[in-house]
Amino acid sequence: MGSDSAAVAALHYMLRHLHATTPPQTIPAPRPAHTVSVSARLLNWPRWCACCCEPYTTWFSASYTRRWGKRVKHSQTREWEIPCCSTCAAHMNAFGRATAYLTGAVVVGVLSPLATWLTDQQIVLIVGFLIVIALINSARNQYRKARKLKGATCATVRPPVVYNGWDGSIHYFYFRNGTYADLFVQGNSKKVVGYR
Ligand SMILES: [Zn+2]
Ligand SMILES: [Zn+2]
């Protein structure tokens with residue numbers, strides 16, 4: 001009975017490894033960040049987390065908004081859905097919230113003295129100051145959360161891929177995980193026009 005279950009366990013182990021696709025870890029040592037330009041309508045995003053190169057479970061979006069026109073304002077946004085794991089999605093979101101809180105703190109920090117001057121009410125400055133303190137505290141908590149979620153193989157706490165816009169059919173990306181950039185280049189080899 002005991003040897004049977006050991007055999008079953010060994011069989012399961014073999015089957016698991018038989019079906020496992022080549023893990024990205026077999027690719028030479030992780031490389032630093034890369035800039036990739038690619039000419040394509042459709043892109044093949046490697047089915048691994050773009051941050052830690054573990055199997056992906058979800059997606060995050062990388063977008064770019066192009067604005068032009070002085071009198072009549074135009075804008076166009078393009079967006080890519082990129083694979084990631086749930087832990088990396090969580091640290092990216094926490095980092096995003098930290099950034100939003102910090103931006104809020106700067107805005108309130110600038111506006112409250114102005115509002116105090118306009119209203120001539122000291123209380124406005126005090127309330128503004130308290131809001132700034134609260135926002136900085138929230139930003140710090142979210143940043144700590146992001147750092148805690150960041151795994152040993154994570155490239156960053158921030159989004160691992162940045163979309164830097166397009167020019168005609170050419171799209172520009174910044175990859176914070178060089179290993180994932182290598183996988184991306186392999187998966188889109190015929191479309192890559194620049195890689196450094
Ligand atoms: Zn991940
Ligand atoms: Zn990560």
# chains A, B, ... in the order shown; residues from 1 in each chain; ligands from 1
$ closest_atom_pairs --of "chain A" --to "ligand 2" --cutoff "10 Å" --atoms "only C-alpha atoms and all ligand atoms" --output "JSON lines"
{"residue": "A:Cys49", "atom": "CA", "partner": "ligand 2", "partner_atom_place_in_ligand_line": "1 (Zn)", "distance": 7.9}
{"residue": "A:Ala50", "atom": "CA", "partner": "ligand 2", "partner_atom_place_in_ligand_line": "1 (Zn)", "distance": 7.9}
{"residue": "A:Cys51", "atom": "CA", "partner": "ligand 2", "partner_atom_place_in_ligand_line": "1 (Zn)", "distance": 4.5}
{"residue": "A:Cys52", "atom": "CA", "partner": "ligand 2", "partner_atom_place_in_ligand_line": "1 (Zn)", "distance": 5.0}
{"residue": "A:Cys53", "atom": "CA", "partner": "ligand 2", "partner_atom_place_in_ligand_line": "1 (Zn)", "distance": 8.6}
{"residue": "A:Glu54", "atom": "CA", "partner": "ligand 2", "partner_atom_place_in_ligand_line": "1 (Zn)", "distance": 9.3}
{"residue": "A:Cys84", "atom": "CA", "partner": "ligand 2", "partner_atom_place_in_ligand_line": "1 (Zn)", "distance": 8.1}
{"residue": "A:Cys85", "atom": "CA", "partner": "ligand 2", "partner_atom_place_in_ligand_line": "1 (Zn)", "distance": 7.7}
{"residue": "A:Ser86", "atom": "CA", "partner": "ligand 2", "partner_atom_place_in_ligand_line": "1 (Zn)", "distance": 9.0}
{"residue": "A:Thr87", "atom": "CA", "partner": "ligand 2", "partner_atom_place_in_ligand_line": "1 (Zn)", "distance": 6.7}
{"residue": "A:Cys88", "atom": "CA", "partner": "ligand 2", "partner_atom_place_in_ligand_line": "1 (Zn)", "distance": 3.9}
{"residue": "A:Ala89", "atom": "CA", "partner": "ligand 2", "partner_atom_place_in_ligand_line": "1 (Zn)", "distance": 7.4}
{"residue": "A:Ala90", "atom": "CA", "partner": "ligand 2", "partner_atom_place_in_ligand_line": "1 (Zn)", "distance": 8.5}
{"residue": "A:His91", "atom": "CA", "partner": "ligand 2", "partner_atom_place_in_ligand_line": "1 (Zn)", "distance": 6.6}
{"residue": "A:Met92", "atom": "CA", "partner": "ligand 2", "partner_atom_place_in_ligand_line": "1 (Zn)", "distance": 7.5}
{"residue": "A:Ala146", "atom": "CA", "partner": "ligand 2", "partner_atom_place_in_ligand_line": "1 (Zn)", "distance": 9.1}
{"residue": "A:Arg147", "atom": "CA", "partner": "ligand 2", "partner_atom_place_in_ligand_line": "1 (Zn)", "distance": 9.6}
{"residue": "A:Leu149", "atom": "CA", "partner": "ligand 2", "partner_atom_place_in_ligand_line": "1 (Zn)", "distance": 7.6}
{"residue": "A:Lys150", "atom": "CA", "partner": "ligand 2", "partner_atom_place_in_ligand_line": "1 (Zn)", "distance": 5.2}
{"residue": "A:Gly151", "atom": "CA", "partner": "ligand 2", "partner_atom_place_in_ligand_line": "1 (Zn)", "distance": 6.0}
{"residue": "A:Ala152", "atom": "CA", "partner": "ligand 2", "partner_atom_place_in_ligand_line": "1 (Zn)", "distance": 8.4}
{"residue": "A:Thr153", "atom": "CA", "partner": "ligand 2", "partner_atom_place_in_ligand_line": "1 (Zn)", "distance": 7.2}
{"residue": "A:Cys154", "atom": "CA", "partner": "ligand 2", "partner_atom_place_in_ligand_line": "1 (Zn)", "distance": 4.0}
{"residue": "A:Ala155", "atom": "CA", "partner": "ligand 2", "partner_atom_place_in_ligand_line": "1 (Zn)", "distance": 6.2}
{"residue": "A:Thr156", "atom": "CA", "partner": "ligand 2", "partner_atom_place_in_ligand_line": "1 (Zn)", "distance": 6.0}
{"residue": "A:Val157", "atom": "CA", "partner": "ligand 2", "partner_atom_place_in_ligand_line": "1 (Zn)", "distance": 6.0}
{"residue": "A:Arg158", "atom": "CA", "partner": "ligand 2", "partner_atom_place_in_ligand_line": "1 (Zn)", "distance": 8.0}
{"residue": "A:Pro159", "atom": "CA", "partner": "ligand 2", "partner_atom_place_in_ligand_line": "1 (Zn)", "distance": 8.3}
{"residue": "A:Pro160", "atom": "CA", "partner": "ligand 2", "partner_atom_place_in_ligand_line": "1 (Zn)", "distance": 7.6}
{"residue": "A:Asn177", "atom": "CA", "partner": "ligand 2", "partner_atom_place_in_ligand_line": "1 (Zn)", "distance": 9.7}
$ residues_around --residues "Pro83 (chain A)" --least-positions-apart "4" --cutoff "6 Å" --atoms "only C-alpha atoms" --output "short mmCIF file (atom, residue, chain, number, x, y, z; two decimals) with C-alpha atoms, in the first residue's frame"
data_model
loop_
_atom_site.label_atom_id
_atom_site.label_comp_id
_atom_site.auth_asym_id
_atom_site.auth_seq_id
_atom_site.Cartn_x
_atom_site.Cartn_y
_atom_site.Cartn_z
CA CYS A 49 4.20 37.19 -15.49
CA TYR A 56 0.52 34.29 -15.22
CA THR A 58 -4.27 37.78 -14.79
CA TRP A 59 -3.48 40.85 -16.90
#
$ residues_around --residues "Thr65 (chain A)" --least-positions-apart "3" --cutoff "12 Å" --atoms "only C-alpha atoms" --output "ChimeraX atom specification"
/A:62,68,74-79,163-166
$ residues_around --residues "Gly109 (chain A)" --least-positions-apart "5" --cutoff "8 Å" --atoms "only C-alpha atoms" --output "number ranges by chain"
A: 128-129, 132
$ closest_residue --among "A:Tyr195, A:Tyr172, A:Phe95, A:Tyr180" --to "ligand 1" --atoms "only C-alpha atoms and all ligand atoms"
A:Tyr180
$ atom_distance --atom1 "CA of Leu135 (chain A)" --atom2 "CA of Gln122 (chain A)"
20.3 Å
$ closest_residue --among "A:Val38, A:Ala33, A:Ile82, A:Arg67" --to "ligand 1" --atoms "only C-alpha atoms and all ligand atoms"
A:Ile82
$ closest_residue --among "A:Trp48, A:Asp182, A:Val192, A:Val36" --to "ligand 1" --atoms "only C-alpha atoms and all ligand atoms"
A:Trp48
$ select_by_dssp --residues "region 101-188 of chain A" --states "strand (DSSP E)" --output "list in words"
Val161, Val162, Tyr163, Asn164, Gly165, Trp166, Asp167, Ile170, His171, Tyr172, Phe173, Tyr174 and Phe175 of chain A
$ closest_residue --among "A:Phe184, A:Phe173, A:Tyr101, A:Phe60" --to "ligand 1" --atoms "only C-alpha atoms and all ligand atoms"
A:Phe60
